[in-house]
Each structure stands twice: as C-alpha cells, then as structure tokens.
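Novice: Structure supplied as model10.cif; contents: mmCIF, C-alpha atoms and all ligand atoms.
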```cif
data_final
#
loop_
_atom_site.label_atom_id
_atom_site.label_comp_id
_atom_site.auth_asym_id
_atom_site.auth_seq_id
_atom_site.Cartn_x
_atom_site.Cartn_y
_atom_site.Cartn_z
CA MET A 223 95.49 108.61 105.94
CA GLU A 224 92.16 108.05 104.36
CA MET A 225 90.99 104.45 103.86
CA THR A 226 89.65 103.87 100.34
CA ILE A 227 88.56 101.06 98.04
CA ARG A 228 89.27 100.80 94.33
CA TRP A 229 86.10 100.79 92.26
CA TYR A 230 85.91 100.30 88.49
CA GLY A 231 82.52 101.90 87.86
CA SER A 232 79.03 100.44 87.92
CA LYS A 233 79.33 99.03 84.41
CA TYR A 234 82.47 97.03 85.16
CA ASP A 235 82.62 96.26 88.86
CA THR A 236 80.85 93.41 90.64
CA VAL A 237 81.11 95.42 93.86
CA THR A 238 78.61 98.23 94.43
CA LEU A 239 79.13 101.65 95.96
CA GLN A 240 76.51 100.72 98.58
CA GLN A 241 78.62 97.74 99.65
CA ILE A 242 81.75 99.87 99.79
CA ARG A 243 79.93 102.45 101.90
CA GLN A 244 79.35 99.78 104.57
CA ILE A 245 83.02 98.92 105.06
CA PRO A 246 83.94 100.63 108.35
CA GLY A 247 85.91 103.80 107.82
CA VAL A 248 85.59 103.94 104.05
CA LYS A 249 84.29 107.21 102.65
CA GLY A 250 86.41 107.45 99.54
CA VAL A 251 86.80 105.43 96.37
CA ILE A 252 89.66 105.29 93.94
CA THR A 253 88.14 105.05 90.52
CA THR A 254 88.64 105.58 86.82
CA LEU A 255 86.85 105.98 83.51
CA TYR A 256 87.41 102.35 82.66
CA ASP A 257 86.13 102.64 79.12
CA THR A 258 88.69 105.22 78.01
CA GLN A 259 91.79 104.15 76.10
CA PRO A 260 95.29 105.38 76.97
CA GLY A 261 95.88 108.61 75.07
CA GLU A 262 92.25 109.73 74.99
CA VAL A 263 91.12 112.97 76.64
CA TRP A 264 88.76 112.42 79.59
CA ALA A 265 85.82 114.75 79.01
CA GLN A 266 84.98 116.92 81.98
CA GLU A 267 81.28 115.99 81.73
CA LYS A 268 82.13 112.31 82.06
CA ILE A 269 84.29 112.96 85.11
CA HIS A 270 81.53 115.08 86.56
CA ALA A 271 78.91 112.36 86.02
CA LEU A 272 81.16 109.79 87.72
CA LYS A 273 81.67 112.15 90.63
CA GLU A 274 77.93 112.68 91.02
CA GLU A 275 77.29 108.96 90.98
CA VAL A 276 79.88 108.36 93.70
CA GLU A 277 78.60 111.25 95.80
CA ALA A 278 74.99 110.09 95.51
CA ALA A 279 76.11 106.94 97.33
CA GLY A 280 77.52 108.95 100.22
CA LEU A 281 81.14 108.56 99.10
CA HIS A 282 83.66 110.79 97.34
CA ILE A 283 86.40 110.32 94.77
CA ALA A 284 89.68 110.24 96.67
CA GLY A 285 91.78 109.81 93.54
CA ILE A 286 92.10 108.21 90.15
CA GLU A 287 93.70 104.85 89.40
CA SER A 288 94.69 105.05 86.69
CA VAL A 289 95.03 107.60 83.97
CA ASN A 290 97.03 105.21 81.82
CA VAL A 291 99.97 106.51 79.83
CA ALA A 292 99.97 105.52 76.15
CA ASP A 293 102.78 103.22 75.05
CA GLU A 294 103.78 105.77 72.43
CA ILE A 295 104.73 108.16 75.26
CA LYS A 296 106.75 105.41 76.93
CA TYR A 297 108.73 104.51 73.82
CA ALA A 298 108.79 108.13 72.53
CA GLY A 299 107.04 107.56 69.22
CA PRO A 300 106.36 110.39 66.75
CA ASP A 301 102.92 111.13 68.19
CA ARG A 302 104.00 111.48 71.81
CA ASP A 303 103.59 115.25 72.10
CA ARG A 304 99.99 115.14 70.97
CA LEU A 305 99.31 112.29 73.40
CA ILE A 306 100.95 114.21 76.24
CA ASP A 307 98.80 117.24 75.33
CA ASN A 308 95.77 114.98 75.74
CA TYR A 309 97.06 113.75 79.08
CA ILE A 310 97.49 117.35 80.21
CA GLU A 311 93.92 118.14 79.18
CA THR A 312 92.69 115.14 81.15
CA LEU A 313 94.59 116.33 84.22
CA ALA A 314 93.12 119.82 83.86
CA ASN A 315 89.62 118.36 83.61
CA LEU A 316 90.24 116.28 86.74
CA GLY A 317 91.57 119.34 88.54
CA ARG A 318 88.50 121.35 87.58
CA GLU A 319 86.42 118.61 89.19
CA ASP A 320 88.48 118.93 92.36
CA ILE A 321 90.34 115.63 91.99
CA HIS A 322 93.93 115.90 93.17
CA MET A 323 95.58 112.48 93.07
CA VAL A 324 96.35 110.45 89.95
CA CYS A 325 97.99 107.03 89.97
CA TYR A 326 99.66 105.81 86.76
CA ASN A 327 102.44 103.49 85.75
CA PHE A 328 105.29 103.52 83.25
CA MET A 329 105.56 99.80 82.52
CA PRO A 330 106.08 98.94 78.85
CA VAL A 331 103.26 96.95 77.19
CA PHE A 332 101.93 95.11 80.24
CA ASP A 333 100.77 96.37 83.60
CA TRP A 334 101.36 93.90 86.48
CA THR A 335 102.19 90.35 85.43
CA ARG A 336 100.92 87.19 87.11
CA THR A 337 101.11 83.67 85.75
CA GLU A 338 98.09 82.32 87.64
CA LEU A 339 94.90 84.14 88.50
CA ALA A 340 93.43 81.51 90.80
CA ARG A 341 96.07 79.51 92.66
CA LYS A 342 94.39 77.51 95.40
CA ARG A 343 95.67 77.99 98.93
CA PRO A 344 95.31 75.39 101.73
CA ASP A 345 92.24 77.16 103.11
CA GLY A 346 90.46 76.90 99.73
CA SER A 347 90.78 80.59 98.85
CA THR A 348 92.30 81.46 95.47
CA VAL A 349 94.89 84.11 94.74
CA LEU A 350 97.00 85.61 91.99
CA ALA A 351 100.44 84.01 91.74
CA TYR A 352 103.72 84.30 89.83
CA THR A 353 106.49 81.94 88.89
CA GLN A 354 109.44 82.96 86.77
CA GLU A 355 109.55 79.48 85.22
CA ALA A 356 106.04 79.96 83.85
CA VAL A 357 106.96 83.34 82.34
CA ASP A 358 110.09 81.87 80.79
CA ALA A 359 108.02 79.10 79.23
CA LEU A 360 105.37 81.39 77.71
CA ASP A 361 105.36 83.92 74.95
CA PRO A 362 103.60 87.23 75.68
CA GLN A 363 100.61 86.41 73.48
CA LYS A 364 99.98 83.17 75.38
CA LEU A 365 100.22 84.95 78.70
CA PHE A 366 97.73 87.52 77.53
CA ASP A 367 95.35 84.78 76.31
CA SER A 368 95.53 82.98 79.63
CA VAL A 369 94.88 86.18 81.64
CA HIS A 370 91.97 86.94 79.36
CA ASP A 371 90.47 83.43 79.68
CA ASN A 372 90.73 83.31 83.47
CA SER A 373 89.41 86.70 84.50
CA ASN A 374 85.86 85.62 85.38
CA GLY A 375 84.43 87.54 82.45
CA THR A 376 85.95 90.85 83.58
CA VAL A 377 88.57 93.00 81.85
CA MET A 378 91.71 93.03 83.97
CA PRO A 379 93.24 96.50 84.43
CA GLY A 380 96.18 97.04 82.11
CA TRP A 381 95.22 94.02 79.99
CA GLU A 382 92.74 95.70 77.67
CA PRO A 383 92.05 93.45 74.67
CA GLU A 384 91.96 96.44 72.27
CA ARG A 385 95.52 97.40 73.07
CA LEU A 386 96.94 93.96 73.52
CA ALA A 387 95.46 92.61 70.29
CA HIS A 388 98.74 93.66 68.74
CA VAL A 389 101.21 92.49 71.37
CA GLN A 390 103.85 91.59 68.79
CA GLU A 391 103.78 95.01 67.12
CA LEU A 392 103.95 96.71 70.51
CA PHE A 393 107.02 94.71 71.41
CA GLU A 394 108.72 95.82 68.21
CA LYS A 395 108.14 99.47 69.09
CA TYR A 396 110.17 98.99 72.25
CA GLN A 397 113.22 97.68 70.42
CA GLY A 398 116.18 99.80 71.44
CA ILE A 399 114.43 101.12 74.57
CA ASP A 400 116.61 100.25 77.52
CA GLU A 401 116.39 101.44 81.13
CA GLU A 402 118.18 104.71 80.37
CA LYS A 403 115.87 105.56 77.48
CA LEU A 404 112.81 104.71 79.53
CA PHE A 405 114.03 107.00 82.30
CA GLU A 406 114.56 109.75 79.71
CA ASN A 407 111.06 109.29 78.32
CA LEU A 408 109.55 109.36 81.80
CA LYS A 409 111.45 112.56 82.57
CA TYR A 410 110.19 114.15 79.37
CA PHE A 411 106.60 113.19 80.22
CA LEU A 412 106.86 114.47 83.80
CA GLU A 413 108.46 117.76 82.85
CA ARG A 414 105.65 118.42 80.43
CA ILE A 415 102.85 117.59 82.88
CA MET A 416 104.23 119.30 86.00
CA PRO A 417 102.88 122.79 85.12
CA VAL A 418 99.28 121.55 84.96
CA CYS A 419 99.85 119.59 88.20
CA ASP A 420 101.14 122.76 89.85
CA LYS A 421 98.19 124.75 88.55
CA TYR A 422 95.53 122.33 89.84
CA ASP A 423 97.52 120.86 92.74
CA ILE A 424 97.47 117.34 91.34
CA ASN A 425 99.69 114.76 92.99
CA MET A 426 101.03 112.29 90.47
CA ALA A 427 101.68 108.90 92.05
CA ILE A 428 103.63 106.45 89.93
CA HIS A 429 102.81 102.81 90.61
CA PRO A 430 105.79 100.47 90.86
CA ASP A 431 106.51 97.83 88.26
CA ASP A 432 105.14 94.47 89.22
CA PRO A 433 107.06 92.24 89.46
CA ALA A 434 109.99 94.52 90.16
CA TRP A 435 112.24 93.21 87.38
CA PRO A 436 112.16 93.07 83.57
CA VAL A 437 109.72 90.58 82.03
CA PHE A 438 109.93 89.33 78.45
CA GLY A 439 113.05 91.41 77.97
CA LEU A 440 111.16 94.71 78.41
CA PRO A 441 112.92 97.23 80.65
CA ARG A 442 111.38 98.15 83.99
CA ILE A 443 112.59 101.04 86.10
CA ILE A 444 110.24 101.68 89.03
CA THR A 445 111.59 98.76 90.99
CA CYS A 446 113.79 99.78 93.93
CA LYS A 447 114.87 102.57 96.26
CA LYS A 448 117.78 103.73 94.09
CA ASN A 449 115.64 104.10 90.97
CA ILE A 450 112.70 105.72 92.69
CA LEU A 451 114.93 108.28 94.39
CA ARG A 452 116.54 108.96 91.01
CA MET A 453 113.08 109.59 89.62
CA MET A 454 112.15 111.96 92.48
CA LYS A 455 115.36 113.89 91.92
CA MET A 456 115.22 114.07 88.15
CA VAL A 457 111.95 116.04 88.34
CA ASP A 458 112.19 117.52 91.79
CA ASN A 459 108.65 118.73 92.30
CA PRO A 460 106.46 117.58 95.22
CA HIS A 461 103.71 116.78 92.71
CA ASN A 462 106.01 114.15 91.25
CA GLY A 463 105.44 111.38 93.77
CA VAL A 464 104.73 107.71 94.17
CA THR A 465 102.14 105.12 94.93
CA PHE A 466 103.81 103.02 97.57
CA CYS A 467 102.55 99.51 96.74
CA SER A 468 103.95 97.02 99.25
CA GLY A 469 102.97 94.01 97.15
CA SER A 470 104.76 95.30 94.04
CA TYR A 471 108.02 96.59 95.56
CA GLY A 472 107.84 93.57 97.84
CA THR A 473 108.16 91.12 94.91
CA ASN A 474 111.89 91.71 95.29
CA PRO A 475 112.79 90.45 98.79
CA ASP A 476 115.86 92.74 98.74
CA ASN A 477 113.60 95.79 98.87
CA ASP A 478 113.45 96.90 102.51
CA LEU A 479 109.89 98.22 102.45
CA PRO A 480 109.84 100.27 105.70
CA ASP A 481 113.19 101.84 104.76
CA MET A 482 111.89 102.73 101.31
CA ILE A 483 108.81 104.33 102.84
CA ARG A 484 110.95 106.41 105.20
CA SER A 485 113.18 107.56 102.35
CA LEU A 486 110.13 108.79 100.40
CA LYS A 487 108.77 111.05 103.11
CA GLY A 488 106.59 113.77 101.58
CA ARG A 489 106.51 112.10 98.18
CA ILE A 490 104.14 109.17 98.86
CA HIS A 491 100.76 110.34 97.60
CA PHE A 492 98.94 107.02 97.67
CA ALA A 493 99.51 103.71 99.45
CA HIS A 494 98.56 100.17 98.45
CA VAL A 495 98.99 97.82 101.34
CA ARG A 496 99.04 94.07 100.77
CA ASN A 497 100.95 90.96 101.67
CA LEU A 498 102.69 88.25 99.62
CA GLN A 499 103.78 84.74 100.46
CA PHE A 500 107.11 83.62 99.03
CA HIS A 501 107.91 80.00 98.29
CA THR A 502 111.19 80.84 96.53
CA ARG A 503 112.56 84.19 95.35
CA THR A 504 110.67 83.93 92.08
CA ASN A 505 107.67 81.88 93.10
CA PHE A 506 105.21 83.83 95.16
CA GLU A 507 101.51 84.15 95.64
CA GLU A 508 99.31 86.83 97.10
CA ALA A 509 98.08 86.27 100.66
CA ALA A 510 95.54 87.70 103.06
CA HIS A 511 96.59 91.12 104.36
CA LEU A 512 97.34 89.70 107.83
CA SER A 513 101.09 89.41 108.60
CA ALA A 514 100.73 85.81 109.75
CA ASP A 515 99.25 84.73 106.42
CA GLY A 516 102.21 85.82 104.31
CA SER A 517 105.85 86.90 104.27
CA PHE A 518 105.65 90.56 105.24
CA ASP A 519 105.55 92.25 108.62
CA MET A 520 102.52 94.46 107.97
CA TYR A 521 102.94 96.20 111.32
CA GLU A 522 106.31 97.59 110.20
CA ILE A 523 104.88 98.77 106.88
CA VAL A 524 101.99 100.63 108.52
CA LYS A 525 104.26 101.97 111.23
CA ALA A 526 106.64 103.44 108.65
CA LEU A 527 103.71 105.18 106.93
CA ILE A 528 102.60 106.63 110.25
CA ASP A 529 106.14 107.67 111.13
CA ILE A 530 106.51 109.76 107.95
CA GLY A 531 103.15 111.42 108.59
CA PHE A 532 101.49 109.87 105.54
CA ASP A 533 98.09 111.51 105.11
CA GLY A 534 96.99 110.50 101.61
CA PRO A 535 94.55 107.85 100.44
CA ILE A 536 95.45 104.26 101.28
CA ARG A 537 93.76 101.10 100.09
CA PRO A 538 93.89 97.38 100.56
CA ASP A 539 95.27 95.93 97.34
CA HIS A 540 94.53 92.63 95.66
CA GLY A 541 92.40 90.37 97.83
CA ARG A 542 91.90 86.62 97.80
CA MET A 543 88.74 85.17 96.31
CA ILE A 544 86.81 83.78 99.27
CA TRP A 545 83.32 82.75 100.35
CA GLY A 546 82.30 81.75 96.83
CA GLU A 547 82.55 85.26 95.40
CA VAL A 548 82.91 85.59 91.63
CA ALA A 549 84.64 88.86 90.75
CA MET A 550 87.63 90.29 88.95
CA PRO A 551 90.62 88.36 90.32
CA GLY A 552 92.12 90.42 93.15
CA TYR A 553 89.16 92.78 93.26
CA GLY A 554 86.33 91.06 95.06
CA LEU A 555 84.52 92.66 97.97
CA TYR A 556 85.08 90.29 100.87
CA ASP A 557 88.80 89.96 101.23
CA ARG A 558 89.47 93.60 100.46
CA ALA A 559 86.94 94.56 103.13
CA LEU A 560 88.80 92.31 105.57
CA GLY A 561 92.05 93.96 104.46
CA ALA A 562 90.65 97.46 105.02
CA ALA A 563 89.46 96.51 108.49
CA TYR A 564 92.84 95.01 109.36
CA ILE A 565 94.83 98.02 108.11
CA ASN A 566 92.45 100.33 109.99
CA GLY A 567 93.06 98.28 113.13
CA LEU A 568 96.82 98.37 112.76
CA TRP A 569 96.68 102.10 112.07
CA GLU A 570 94.57 102.95 115.09
CA ALA A 571 96.69 100.80 117.40
CA ILE A 572 100.05 102.15 116.23
CA ASP A 573 98.89 105.74 115.98
CA LYS A 574 97.34 105.77 119.43
CA SER A 575 100.15 103.94 121.12
CA GLU A 576 102.68 106.37 119.64
CA ARG A 577 100.76 109.54 120.33
CA ARG A 578 99.08 108.59 123.55
CA ASP A 579 101.41 106.17 125.24
CA GLY A 580 104.43 108.13 124.01
CA ALA A 581 103.03 111.23 125.67
CA ARG A 582 101.88 109.36 128.76
CA ALA A 583 104.86 107.30 129.73
CA ASP A 584 103.71 107.71 133.33
CA GLY A 585 100.91 105.25 132.59
CA GLU A 586 98.08 107.76 132.79
CA ARG A 587 95.17 106.68 130.56
CA PRO A 588 92.79 108.96 128.67
CA LYS A 589 89.45 109.36 130.36
CA TRP A 590 87.06 106.64 129.20
CA ALA A 591 84.29 108.55 127.49
CA PRO A 592 82.30 106.70 124.81
CA LYS A 593 81.09 109.16 122.19
CA PHE A 594 77.36 109.71 121.71
CA THR A 595 76.85 110.48 118.06
CA GLY A 596 73.08 110.71 117.97
C1 LIG B 1 98.05 96.95 90.23
C2 LIG B 1 98.00 97.82 88.99
O1 LIG B 1 97.75 98.10 92.24
C3 LIG B 1 97.26 97.36 91.41
O2 LIG B 1 96.18 96.85 91.58
O3 LIG B 1 97.58 95.69 89.96
O4 LIG B 1 97.01 97.38 88.11
C4 LIG B 1 97.89 99.30 89.17
O5 LIG B 1 96.56 99.69 89.36
C5 LIG B 1 98.46 100.06 88.00
O6 LIG B 1 99.75 99.61 87.72
C6 LIG B 1 98.49 101.54 88.25
O7 LIG B 1 98.64 102.21 87.04
MN MN B 2 99.28 98.12 93.75
#
```
Please, can you express the file's structure as structure tokens?
Specialist:
Amino acid sequence: MEMTIRWYGSKYDTVTLQQIRQIPGVKGVITTLYDTQPGEVWAQEKIHALKEEVEAAGLHIAGIESVNVADEIKYAGPDRDRLIDNYIETLANLGREDIHMVCYNFMPVFDWTRTELARKRPDGSTVLAYTQEAVDALDPQKLFDSVHDNSNGTVMPGWEPERLAHVQELFEKYQGIDEEKLFENLKYFLERIMPVCDKYDINMAIHPDDPAWPVFGLPRIITCKKNILRMMKMVDNPHNGVTFCSGSYGTNPDNDLPDMIRSLKGRIHFAHVRNLQFHTRTNFEEAAHLSADGSFDMYEIVKALIDIGFDGPIRPDHGRMIWGEVAMPGYGLYDRALGAAYINGLWEAIDKSERRDGARADGERPKWAPKFTG
C-alpha cells in the first residue's frame, strides 16, 4: 500500500502540501481539479500544472478523487453520450500525465449524506454524524442549506452550490430511475470508458454510497457485497474496481467489512480507512480512527487488506475536528495525520508479524541493525 492524504488544491484546502509532506510515510496525495464541474473536460495543461505543483513540494499524485460523473449520465438523459465522451477525454488526459487511479461515485444527486457536520463528542472534538430521523424530517433543499451553512466557509465535496441550486429539478430527472435502471446506466457508462482505461492503464475505483441505503427516495446501489460483486461481474475488466471505504460500507452494520475486502481481491484500487461509532442502527457518528474510539475492529480491516495483497493508495478518511482547527468538516490536518500514523502502525505490525513471525515460528529474530540513511 501507499499511504496518501486527500488534498483539494491550494485554492480550496486549509492544509498545505508542506504540512502533508511532514506526515510520516506520506509521499502521495489524492487530489482533484476542484473547480471543474461534472461533465467538463479536464484540460491536460491544468492537470500538468497541478502535477508540477504537487511535485515541487516533494510529493506525487497517487490518484484522483474524484472525477465526478454528471447526473445526466446517471439518469441517462439525452446528452449522456456527449458527457461520456468528455469523461473519456478527461481520462485520456490523466493517462497522458501518468495518473492511473480515478475514484468516482454513482450516487444520484447527492454525494455522502450527513445530518450534522459538527456533533460534539465527550472529549470536545467534533465530527460528522447521521440520524435517519433527521433525514426523514428534512426536505433535500433544507439539508443542502444546512450543509452549506455549516461547512466553515468551504465547499463540501459533492455539495457544489452550482449543481445543487436546482435540487428540485434534479430530483424530477430521477423519476422512474430505480435500482435496476441505475445499474443499467452504470454498466453503459463503464462499458464506454473501459477502452480508454485499458489504453492508459487507469484503474477506476467506485466509491460506495454513503450511507449505504436510499435517501430521499433516490436509489442507491453501491451498498453491499452482493451489489458490488454484481457490478464487478457485469463489466468484468480489472480496471473496473472499487474504492473500499470502511466508513461508507460500514454504515450498514450487516456489511461484514473484512469479508467484503477478501471477496474483492484484485479489484480494490483504493482504500479509505476510517471508524464509526454507532448509537443505534441509524444513528451514528464518525470517530477517531483508533478501534477503541468507535465500533469497528480496525485491526481486522487492515489485516484483510494485507491478506489480499492490497498494494494501491490508501488514505485516512474523514477526521474529527480537534485542537481548535478550522477546516472543511472531515478534512482537517490533525486528526487525519493521527489516522495515517495509526494505519501505518497497524500495517507495519500486521505485515511484519505475518511475514517475519510466520516464517520464523522457531522464535528466531531478525538481526537488529538500525539503518543509517545519511
Ligand atoms: C466521501 C466522498 O470518501 C469521502 O470522503 O466523503 O466525498 C467521496 O470522496 C466521493 O463519494 C467519491 O466520489
Ligand atoms: Mn470514503
């Protein structure tokens, strides 16, 4: 695996590349052209400039999150072929710049949904949280307004004001789109983009729907093992893969995360590792990455990734807001840095104990030889 941090670009992120560079083990960022709209072609010069900026800071681009898919592709509107052509051109431009992993999602209208952006935890940190009751009591426009008003002056990914200014109209476009239709539209999209992915060796990594069930009556399909395996099979190309996001699949406690990871061997191109704390099945909040702070056994998640030989980029996901930081909710520096350090620690411990202790059951230890690196 390669430890990475998501970075929104110097114009949009409160975290700098120089800060990211100082997190132990981080050499790669996952980034995006945050000022492009879904459906637009990403110009190669713009990608190149972003790459140069990242490289000047001693880092590299380990992948893109996200090249967003236009709603019109998701609901199969009359303009979808032109929009897919644009997507293909964007992928080719990324490939020409030697970028080989693209995260995206296929959620109608909204990206992830949370009902609170700053729920206070007993230790005074604040986190993103979700209750079904709050969603049931709100209409989509109100939810959008509250996300917008509570994002510390930042634009939350997937909640772009330009697109969501017309929430009601967007909802109407999805009338008649059920799970089956959405699967069909995803298949159509994937079949059209696979040739360019093959040509430039681009791994597409679909992000799961978050939460992993329909919200506001909109269908959601990337939610569980059965559906994700159906998706892998329906376009059976290794470039058609997934982002394994523990916090998103984990919103449904019936999802056995280590088992899902094992069943996706070879098709996980990107991993988001984070923890949640459940109060009830539909009332949860995000937690520190540490197992003891939330509901998940993070050791088992990391172990499953190691067991399948996962070697793609991995990143801590949403962090808590701590130590007085003011940043995009979920995307401050401090708690994500703690998360990266923790995941790195788990990884090193599990990896070494499996490779070394497994091979040295007789108790022999490797020679103690601190490295001099000059
Ligand atoms: C999510 C998403 O992983 C995350 O941080 O909150 O915003 C994710 O980036 C998108 O769904 C990927 O397209
Ligand atoms: Mn995620």
Novice: Measuring between all atoms listed in the file, which one of A:Glu413, A:Glu508, A:Asp529, A:Asp539 shows the shortest distance to ligand MN 2 (chain B)?
Specialist: A:Asp539
Novice: Using all atoms listed in the file, which residue out of A:Ile245, A:Ile530, A:Met543, A:Leu386 lies closest to Ala509 in chain A?
Specialist: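 Among the listed residues, A:Met543 lies closest to Ala509 in chain A.
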Novice: As a quick test: using only C-alpha atoms and all ligand atoms, which residues lie no more than 7 Å away from ligand MN 2 (chain B)? Give them as a ChimeraX atom specification.
Specialist: /A:429,467,469-470,494,539
Novice: Write the residues you've just listed into a file as a compact mmCIF listing (two decimals), keeping the file's coordinate frame, and include C-alpha atoms for each of them.
Specialist:
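Below is the file selection-v8.txt, written as the result:
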```txt
# COMPACT_ATOMS: atom_id res chain seq x y z
CA HIS A 429 102.81 102.81 90.61
CA CYS A 467 102.55 99.51 96.74
CA GLY A 469 102.97 94.01 97.15
CA SER A 470 104.76 95.30 94.04
CA HIS A 494 98.56 100.17 98.45
CA ASP A 539 95.27 95.93 97.34
```
Novice: Please compute the CA of Leu305 in chain A-CA of Val289 in chain A distance, one decimal, in Å.
Specialist: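 Between CA of Leu305 in chain A and CA of Val289 in chain A the gap is 12.3 Å.
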Novice: Measure the distance from CA of Ala562 in chain A to CA of Gly596 in chain A in Å and round it to one decimal.
Specialist: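 A separation of 25.5 Å between them.
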Novice: Quick one: residues within 12 Å of (116.0, 91.2, 86.5) (file frame), counting all atoms listed in the file, please, as a list in words.
Specialist: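 These residues have at least one counted atom within 12 Å: Gln354, Glu401, Asp431, Asp432, Pro433, Ala434, Trp435, Pro436, Val437, Phe438, Gly439, Leu440, Pro441, Arg442, Ile443, Thr445, Cys446, Thr473, Asn474, Arg503 and Thr504 of chain A.
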Novice: Is there a way to complete range 523-544 of chain A with N, CA and C atoms and then write that out as a short mmCIF file (atom, residue, chain, number, x, y, z; two decimals), in the coordinates of the input?
Specialist:
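Generated output (selection.cif):
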```cif
data_model
loop_
_atom_site.label_atom_id
_atom_site.label_comp_id
_atom_site.auth_asym_id
_atom_site.auth_seq_id
_atom_site.Cartn_x
_atom_site.Cartn_y
_atom_site.Cartn_z
N ILE A 523 105.24 97.97 108.06
CA ILE A 523 104.88 98.77 106.88
C ILE A 523 103.96 99.93 107.30
N VAL A 524 102.93 99.59 108.09
CA VAL A 524 101.99 100.63 108.52
C VAL A 524 102.69 101.61 109.45
N LYS A 525 103.55 101.09 110.30
CA LYS A 525 104.26 101.97 111.23
C LYS A 525 105.13 102.98 110.48
N ALA A 526 105.79 102.52 109.43
CA ALA A 526 106.64 103.44 108.65
C ALA A 526 105.78 104.53 108.02
N LEU A 527 104.60 104.16 107.52
CA LEU A 527 103.71 105.18 106.93
C LEU A 527 103.28 106.20 107.98
N ILE A 528 102.99 105.71 109.17
CA ILE A 528 102.60 106.63 110.25
C ILE A 528 103.78 107.53 110.63
N ASP A 529 104.96 106.91 110.71
CA ASP A 529 106.14 107.67 111.13
C ASP A 529 106.47 108.82 110.18
N ILE A 530 106.19 108.65 108.87
CA ILE A 530 106.51 109.76 107.95
C ILE A 530 105.34 110.74 107.84
N GLY A 531 104.28 110.49 108.61
CA GLY A 531 103.15 111.42 108.59
C GLY A 531 102.30 111.29 107.32
N PHE A 532 102.27 110.07 106.77
CA PHE A 532 101.49 109.87 105.54
C PHE A 532 100.02 110.24 105.77
N ASP A 533 99.49 111.11 104.91
CA ASP A 533 98.09 111.51 105.11
C ASP A 533 97.25 111.42 103.83
N GLY A 534 97.73 110.65 102.87
CA GLY A 534 96.99 110.50 101.61
C GLY A 534 96.03 109.32 101.66
N PRO A 535 95.41 109.03 100.50
CA PRO A 535 94.55 107.85 100.44
C PRO A 535 95.38 106.56 100.51
N ILE A 536 94.81 105.57 101.15
CA ILE A 536 95.45 104.26 101.28
C ILE A 536 94.38 103.26 100.88
N ARG A 537 94.79 102.11 100.34
CA ARG A 537 93.76 101.10 100.09
C ARG A 537 94.33 99.71 100.25
N PRO A 538 93.44 98.76 100.64
CA PRO A 538 93.89 97.38 100.56
C PRO A 538 94.11 97.11 99.08
N ASP A 539 95.05 96.22 98.76
CA ASP A 539 95.27 95.93 97.34
C ASP A 539 94.61 94.60 97.03
N HIS A 540 95.17 93.88 96.09
CA HIS A 540 94.53 92.63 95.66
C HIS A 540 94.09 91.79 96.86
N GLY A 541 92.87 91.28 96.78
CA GLY A 541 92.40 90.37 97.83
C GLY A 541 92.29 88.95 97.29
N ARG A 542 92.15 88.01 98.19
CA ARG A 542 91.90 86.62 97.80
C ARG A 542 90.44 86.49 97.37
N MET A 543 90.14 85.45 96.63
CA MET A 543 88.74 85.17 96.31
C MET A 543 88.26 84.19 97.38
N ILE A 544 87.29 84.61 98.16
CA ILE A 544 86.81 83.78 99.27
C ILE A 544 85.28 83.74 99.30
#
```
